[in-house]
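Below: the structure, in structure tokens.
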Amino acid sequence: VEPDASPLARYRAIRSTTEWLIDPLSAEDCAIQSMPDMSPAKWHLGHTTWFFETMILESTEAGFRPFDASFRVLFNSYYNTVGEQHPRPRRGMLSRPGLDRVRQYRSDVDRRMERPLRDGTLPEKALSALEVGLNHEQQHQELLLMDVKHLFSCNPLRPTYRPLEEPPATDPGDLTWSDFPGGSVAIGHEGNGFAFDNERPRHEILVQPFSLANRPVTCGEYLEFMADGGYRRPELWLSDGWEVADRHGWEAPLYWERDEDGTWSLLTLHGPRPVRGEEPVVHVSYYEADAFARWAGARLPQEAEWETAATSPPGEGHFLEGGSLHPAPVAPADDGSPVQLFGDVWEWTGSAYGPYPGYRPPEGALGEYNGKFMCNQMVMRGGAVVTPASHIRRTYRNFFYPHMRWQFGGIRLAR
Ligand SMILES: [Fe+2]
């Protein structure tokens with residue numbers, strides 16, 4: 001998606017990417033929910049459509065009538081100002097509406113959205129809601145892949161989402177450190193380009209001198225942590241993390257399985273295969289990332305440190321458009337500077353997700369988008385191999401609860 005393309009072209013490109021992501025799935029794949037945090041693909045299709053219908057058509061279309069009045073509740077995720085919601089853990093109970101009906105909903109809303117986009121008649125406020133809607137749909141593209149991966153991991157047939165020719169092996173080299181002087185730095189988004197409300201306002205913050213690892217932690221390094229009793233040594237763990245790891249019997253990242261000969265395999269969207277030492281470790285919780293960092297004599301970066309270091313343009317890592325759907329190593333930079341800050345794995349930071357100084361959520365329903373989640377979650381930075389490249393920014397703040405592992409989360413060390 002070219003950032004300077006017309007709103008209509010971008011609307012079409014992003015909507016059709018979602019359809020492309022659904023292509024390999026059966027109607028049954030699209031209906032099932034494998035855990036309370038994930039949503040069936042059919043629900044993603046409906047909900048992203050609901051967003052445009054509710055946030056734009058409802059307030060701009062003459063004589064607006066909803067496609068189906070019941071969808072207002074069924075496909076509302078968490079917007080209390082819009083009204084009631086079908087409970088999230090029960091999204092997998094929605095055998096009706098069928099996939100065909102949800103697809104009709106998509107085409108109907110597309111037809112009604114494209115008309116004012118073509119004529120250029122959307123008012124200013126609706127155009128800014130459109131930007132949120134397009135970025136929202138891109139977020140759900142990533143969620144959809146996370147959710148399909150989890151769903152398939154629960155199926156003993158180990159389905160393949162899309163077959164892939166594996167890229168040639170790249171040596172990421174030894175982990176090295178880059179020093180940064182710190183000082184008073186400015187972080188956050190400014191300017192006219194799109195950013196979510198949680199990236200604003202840009203503000204100054206005092207950062208101590210720090211060092212940042214040149215690349216994400218690899219599976220080989222994580223295997224050393226495991227072999228050194230990493231999951232069995234309480235001194236490495238936060239209290240909450242120790243409790244969660246014990247309760248769930250964690251002994252490896254999510255989607256890792258020990259083979260009969262004691263070696264490890266992992267699940268990709270292309271099916272299972274052996275763990276490769278050189279690839280970035282992925283599907284670890286904040287608690288595991290934090291324990292690993294402590295074991296390694298380091299820590300996780302603060303988000304201001306990460307943003308200060310991330311001066312290279314997004315694009316050197318792997319994103320959704322590349323189609324590899326699993327993180328891969330990249331070659332180190334000649335000067336040893338950090339690589340792969342963008343793409344491949346979301347990097348856990350040691351920063352709690354909170355409002356920037358002077359933050360104010362937008363008025364109305366869109367005020368519920370980010371602001372009300374600013375409690376008990378941790379910030380992740382940089383985007384992953386399932387993130388659309390046109391979606392990510394240096395100032396982008398993703399956030400997850402510290403126990404969550406089904407997002408493509410990895411580790412970059414700081415000290
Ligand atoms: Fe959503």
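We name chains A, B, ... following the order of the structure tokens; residues begin at 1 in each chain, and ligands are numbered from 1 as shown.
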
Do you know which residues are within 8 Å of ligand 1 using only C-alpha atoms and all ligand atoms? Can you write them as a list in words?
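Listing the residues within 8 Å of ligand 1 gives His44, His47, Thr48, Phe51, Ser77, His136, Glu137, Gln139 and His140 of chain A.
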
File dump, residues just selected, all heavy atoms, as a PDB file, in the first residue's frame:
ATOM      1  N   HIS A  44     -13.311 -11.572  12.448  1.00  0.00           N
ATOM      2  CA  HIS A  44     -12.427 -10.482  11.975  1.00  0.00           C
ATOM      3  C   HIS A  44     -13.009  -9.834  10.717  1.00  0.00           C
ATOM      4  O   HIS A  44     -12.990  -8.608  10.571  1.00  0.00           O
ATOM      5  CB  HIS A  44     -11.034 -11.016  11.643  1.00  0.00           C
ATOM      6  CG  HIS A  44     -10.194 -11.356  12.844  1.00  0.00           C
ATOM      7  ND1 HIS A  44      -9.782 -10.427  13.770  1.00  0.00           N
ATOM      8  CD2 HIS A  44      -9.672 -12.539  13.266  1.00  0.00           C
ATOM      9  CE1 HIS A  44      -9.039 -11.014  14.701  1.00  0.00           C
ATOM     10  NE2 HIS A  44      -8.965 -12.299  14.424  1.00  0.00           N
ATOM     11  N   HIS A  47     -16.071  -7.789  11.878  1.00  0.00           N
ATOM     12  CA  HIS A  47     -15.738  -6.678  12.779  1.00  0.00           C
ATOM     13  C   HIS A  47     -15.052  -5.519  12.047  1.00  0.00           C
ATOM     14  O   HIS A  47     -15.370  -4.347  12.280  1.00  0.00           O
ATOM     15  CB  HIS A  47     -14.863  -7.203  13.910  1.00  0.00           C
ATOM     16  CG  HIS A  47     -14.175  -6.140  14.707  1.00  0.00           C
ATOM     17  ND1 HIS A  47     -14.860  -5.282  15.546  1.00  0.00           N
ATOM     18  CD2 HIS A  47     -12.861  -5.778  14.784  1.00  0.00           C
ATOM     19  CE1 HIS A  47     -13.999  -4.444  16.109  1.00  0.00           C
ATOM     20  NE2 HIS A  47     -12.780  -4.721  15.659  1.00  0.00           N
ATOM     21  N   THR A  48     -14.116  -5.821  11.154  1.00  0.00           N
ATOM     22  CA  THR A  48     -13.430  -4.745  10.421  1.00  0.00           C
ATOM     23  C   THR A  48     -14.431  -3.998   9.524  1.00  0.00           C
ATOM     24  O   THR A  48     -14.304  -2.790   9.311  1.00  0.00           O
ATOM     25  CB  THR A  48     -12.266  -5.310   9.574  1.00  0.00           C
ATOM     26  OG1 THR A  48     -12.719  -6.461   8.852  1.00  0.00           O
ATOM     27  CG2 THR A  48     -11.102  -5.718  10.452  1.00  0.00           C
ATOM     28  N   PHE A  51     -16.604  -1.740  11.629  1.00  0.00           N
ATOM     29  CA  PHE A  51     -15.908  -0.509  11.992  1.00  0.00           C
ATOM     30  C   PHE A  51     -16.234   0.604  10.997  1.00  0.00           C
ATOM     31  O   PHE A  51     -16.590   1.722  11.382  1.00  0.00           O
ATOM     32  CB  PHE A  51     -14.398  -0.767  12.038  1.00  0.00           C
ATOM     33  CG  PHE A  51     -13.614   0.322  12.711  1.00  0.00           C
ATOM     34  CD1 PHE A  51     -13.260   0.229  14.044  1.00  0.00           C
ATOM     35  CD2 PHE A  51     -13.234   1.459  12.007  1.00  0.00           C
ATOM     36  CE1 PHE A  51     -12.548   1.238  14.674  1.00  0.00           C
ATOM     37  CE2 PHE A  51     -12.521   2.481  12.624  1.00  0.00           C
ATOM     38  CZ  PHE A  51     -12.175   2.367  13.959  1.00  0.00           C
ATOM     39  N   SER A  77     -16.482  -4.963  19.138  1.00  0.00           N
ATOM     40  CA  SER A  77     -15.465  -5.622  19.968  1.00  0.00           C
ATOM     41  C   SER A  77     -15.563  -5.156  21.408  1.00  0.00           C
ATOM     42  O   SER A  77     -15.870  -5.937  22.307  1.00  0.00           O
ATOM     43  CB  SER A  77     -14.078  -5.329  19.411  1.00  0.00           C
ATOM     44  OG  SER A  77     -13.912  -3.932  19.194  1.00  0.00           O
ATOM     45  N   HIS A 136      -6.807   0.114  11.470  1.00  0.00           N
ATOM     46  CA  HIS A 136      -7.479  -0.908  12.280  1.00  0.00           C
ATOM     47  C   HIS A 136      -7.550  -2.221  11.513  1.00  0.00           C
ATOM     48  O   HIS A 136      -7.263  -3.290  12.048  1.00  0.00           O
ATOM     49  CB  HIS A 136      -8.880  -0.391  12.633  1.00  0.00           C
ATOM     50  CG  HIS A 136      -9.751  -1.405  13.296  1.00  0.00           C
ATOM     51  ND1 HIS A 136     -10.820  -1.987  12.647  1.00  0.00           N
ATOM     52  CD2 HIS A 136      -9.716  -1.940  14.532  1.00  0.00           C
ATOM     53  CE1 HIS A 136     -11.413  -2.837  13.477  1.00  0.00           C
ATOM     54  NE2 HIS A 136     -10.767  -2.834  14.626  1.00  0.00           N
ATOM     55  N   GLU A 137      -7.920  -2.158  10.237  1.00  0.00           N
ATOM     56  CA  GLU A 137      -8.020  -3.388   9.440  1.00  0.00           C
ATOM     57  C   GLU A 137      -6.640  -4.043   9.300  1.00  0.00           C
ATOM     58  O   GLU A 137      -6.518  -5.265   9.351  1.00  0.00           O
ATOM     59  CB  GLU A 137      -8.645  -3.115   8.068  1.00  0.00           C
ATOM     60  CG  GLU A 137      -8.795  -4.371   7.227  1.00  0.00           C
ATOM     61  CD  GLU A 137     -10.188  -4.579   6.637  1.00  0.00           C
ATOM     62  OE1 GLU A 137     -11.085  -3.750   6.882  1.00  0.00           O
ATOM     63  OE2 GLU A 137     -10.375  -5.574   5.925  1.00  0.00           O
ATOM     64  N   GLN A 139      -4.280  -3.916  11.518  1.00  0.00           N
ATOM     65  CA  GLN A 139      -4.026  -4.587  12.805  1.00  0.00           C
ATOM     66  C   GLN A 139      -4.725  -5.942  12.845  1.00  0.00           C
ATOM     67  O   GLN A 139      -4.188  -6.924  13.346  1.00  0.00           O
ATOM     68  CB  GLN A 139      -4.522  -3.722  13.970  1.00  0.00           C
ATOM     69  CG  GLN A 139      -3.673  -2.493  14.220  1.00  0.00           C
ATOM     70  CD  GLN A 139      -4.181  -1.670  15.389  1.00  0.00           C
ATOM     71  OE1 GLN A 139      -5.375  -1.480  15.551  1.00  0.00           O
ATOM     72  NE2 GLN A 139      -3.272  -1.163  16.204  1.00  0.00           N
ATOM     73  N   HIS A 140      -5.945  -5.966  12.299  1.00  0.00           N
ATOM     74  CA  HIS A 140      -6.685  -7.238  12.311  1.00  0.00           C
ATOM     75  C   HIS A 140      -6.106  -8.241  11.320  1.00  0.00           C
ATOM     76  O   HIS A 140      -6.280  -9.447  11.504  1.00  0.00           O
ATOM     77  CB  HIS A 140      -8.171  -7.000  12.073  1.00  0.00           C
ATOM     78  CG  HIS A 140      -8.878  -6.622  13.346  1.00  0.00           C
ATOM     79  ND1 HIS A 140      -9.385  -7.565  14.211  1.00  0.00           N
ATOM     80  CD2 HIS A 140      -9.104  -5.421  13.919  1.00  0.00           C
ATOM     81  CE1 HIS A 140      -9.926  -6.952  15.265  1.00  0.00           C
ATOM     82  NE2 HIS A 140      -9.761  -5.644  15.107  1.00  0.00           N
TER      83      HIS A 140
END

As a ChimeraX atom specification, which residues of stretch 174-407 of chain A does DSSP assign to helix (DSSP H, G or I)?
/A:197-199,219-227,230-232,234-236,239-248,286-295,303-309,320-322,365-368,371-373,389-391

A:Pro159 proximity check over A:Gly343, A:Gly46, A:Gly271, A:Pro361, using only C-alpha atoms: winner is A:Gly271

Residue with smallest distance to A:Ile392 - pool A:Glu363, A:Asp174, A:Glu199, A:Asp37, counting only C-alpha atoms:
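Of A:Glu363, A:Asp174, A:Glu199, A:Asp37, the one nearest A:Ile392, counting only C-alpha atoms, is A:Glu199.
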
Residues of stretch 124-158 of chain A that approach stretch 322-327 of chain A to 12 Å or less, counting only C-alpha atoms: could you list each one with the shortest pair of atoms and its distance in Å to one decimal, rows by chain and increasing residue number, as a Markdown table?
| residue | atom | partner | partner_atom | distance |
| --- | --- | --- | --- | --- |
| A:Glu142 | CA | A:Leu325 | CA | 10.2 |
| A:Leu145 | CA | A:Leu325 | CA | 8.6 |
| A:Met146 | CA | A:Leu325 | CA | 10.1 |
| A:Val148 | CA | A:Leu325 | CA | 11.8 |
| A:Lys149 | CA | A:Leu325 | CA | 10.2 |

Go ahead and write the residues just picked, all heavy atoms, as a CSV table (one decimal), in the first residue's frame.
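File written: out-v8.csv
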chain,number,residue,atom,x,y,z
A,142,GLU,N,-2.9,-8.8,11.0
A,142,GLU,CA,-1.9,-9.4,11.8
A,142,GLU,C,-2.6,-10.4,12.8
A,142,GLU,O,-2.2,-11.5,13.0
A,142,GLU,CB,-1.0,-8.4,12.5
A,142,GLU,CG,-0.1,-9.0,13.5
A,142,GLU,CD,1.0,-8.1,14.0
A,142,GLU,OE1,1.2,-7.0,13.4
A,142,GLU,OE2,1.7,-8.5,14.9
A,145,LEU,N,-3.7,-13.7,11.4
A,145,LEU,CA,-2.6,-14.7,11.2
A,145,LEU,C,-2.2,-15.2,12.6
A,145,LEU,O,-1.9,-16.5,12.7
A,145,LEU,CB,-1.4,-14.0,10.5
A,145,LEU,CG,-1.6,-13.7,9.0
A,145,LEU,CD1,-0.5,-12.9,8.5
A,145,LEU,CD2,-1.8,-15.0,8.2
A,146,MET,N,-2.1,-14.4,13.6
A,146,MET,CA,-1.8,-14.9,15.0
A,146,MET,C,-2.8,-15.9,15.4
A,146,MET,O,-2.5,-17.0,15.9
A,146,MET,CB,-1.9,-13.8,16.0
A,146,MET,CG,-0.7,-12.8,15.9
A,146,MET,SD,-1.2,-11.2,16.7
A,146,MET,CE,-1.8,-11.6,18.3
A,148,VAL,N,-5.0,-17.7,13.4
A,148,VAL,CA,-5.0,-18.9,12.6
A,148,VAL,C,-3.9,-19.8,13.1
A,148,VAL,O,-4.0,-21.1,13.2
A,148,VAL,CB,-4.8,-18.6,11.1
A,148,VAL,CG1,-4.4,-19.8,10.3
A,148,VAL,CG2,-6.1,-18.0,10.5
A,149,LYS,N,-2.7,-19.2,13.4
A,149,LYS,CA,-1.6,-20.1,13.9
A,149,LYS,C,-2.0,-20.8,15.2
A,149,LYS,O,-1.7,-22.0,15.3
A,149,LYS,CB,-0.4,-19.2,14.1
A,149,LYS,CG,0.9,-19.9,14.4
A,149,LYS,CD,2.1,-19.0,14.3
A,149,LYS,CE,3.4,-19.8,14.6
A,149,LYS,NZ,4.6,-19.0,14.5

Would you please give, as a VMD selection string, all residues of stretch 153-358 of chain A that DSSP assigns to strand (DSSP E) based on the backbone?
chain A and resid 177 to 180 183 to 187 203 to 207 210 to 213 256 to 258 264 to 268 271 to 274 346 to 352

What does the file look like for those residues with C-alpha atoms, as a compact mmCIF listing (two decimals), in the first residue's frame?
# COMPACT_ATOMS: atom_id res chain seq x y z
CA TRP A 177 26.52 -3.96 21.57
CA SER A 178 26.08 -0.38 20.42
CA ASP A 179 26.53 2.46 22.89
CA PHE A 180 24.18 5.43 22.98
CA GLY A 183 20.50 12.70 27.34
CA SER A 184 17.35 14.67 26.76
CA VAL A 185 15.63 13.05 23.78
CA ALA A 186 12.26 13.61 22.11
CA ILE A 187 9.96 10.65 21.50
CA HIS A 203 7.70 15.07 24.33
CA GLU A 204 11.15 15.26 25.87
CA ILE A 205 12.41 12.59 28.19
CA LEU A 206 15.72 12.07 30.01
CA VAL A 207 17.51 8.86 28.97
CA PHE A 210 22.73 2.81 27.48
CA SER A 211 23.81 -0.01 25.18
CA LEU A 212 21.56 -1.91 22.82
CA ALA A 213 22.11 -5.35 21.28
CA TRP A 256 7.83 -25.41 20.56
CA GLU A 257 7.60 -29.20 20.85
CA ARG A 258 10.23 -31.63 22.07
CA TRP A 264 13.03 -29.14 19.51
CA SER A 265 10.64 -28.42 16.69
CA LEU A 266 8.42 -25.40 16.28
CA LEU A 267 5.25 -24.61 14.46
CA THR A 268 5.21 -22.09 11.63
CA GLY A 271 3.74 -26.30 9.23
CA PRO A 272 6.14 -27.78 11.82
CA ARG A 273 9.92 -27.99 11.38
CA PRO A 274 13.07 -28.19 13.54
CA TRP A 346 7.79 -7.38 18.10
CA GLU A 347 10.38 -6.47 20.71
CA TRP A 348 9.26 -6.47 24.31
CA THR A 349 10.27 -3.31 26.13
CA GLY A 350 10.57 -2.85 29.86
CA SER A 351 8.09 0.03 29.65
CA ALA A 352 4.59 -0.18 31.04

Quick one: residues within 12 Å of A:Pro332, only C-alpha atoms, excluding same-chain residues fewer than 5 positions away - as a list in words?
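The filter keeps Thr170, Asp171, Pro172, Gly173, Asp174, Leu175, Thr176, Trp177, Ala213, Asn214, Arg215, Pro216, Glu316, Gly317, Ser337, Pro338, Val339, Gln340 and Leu341 of chain A.
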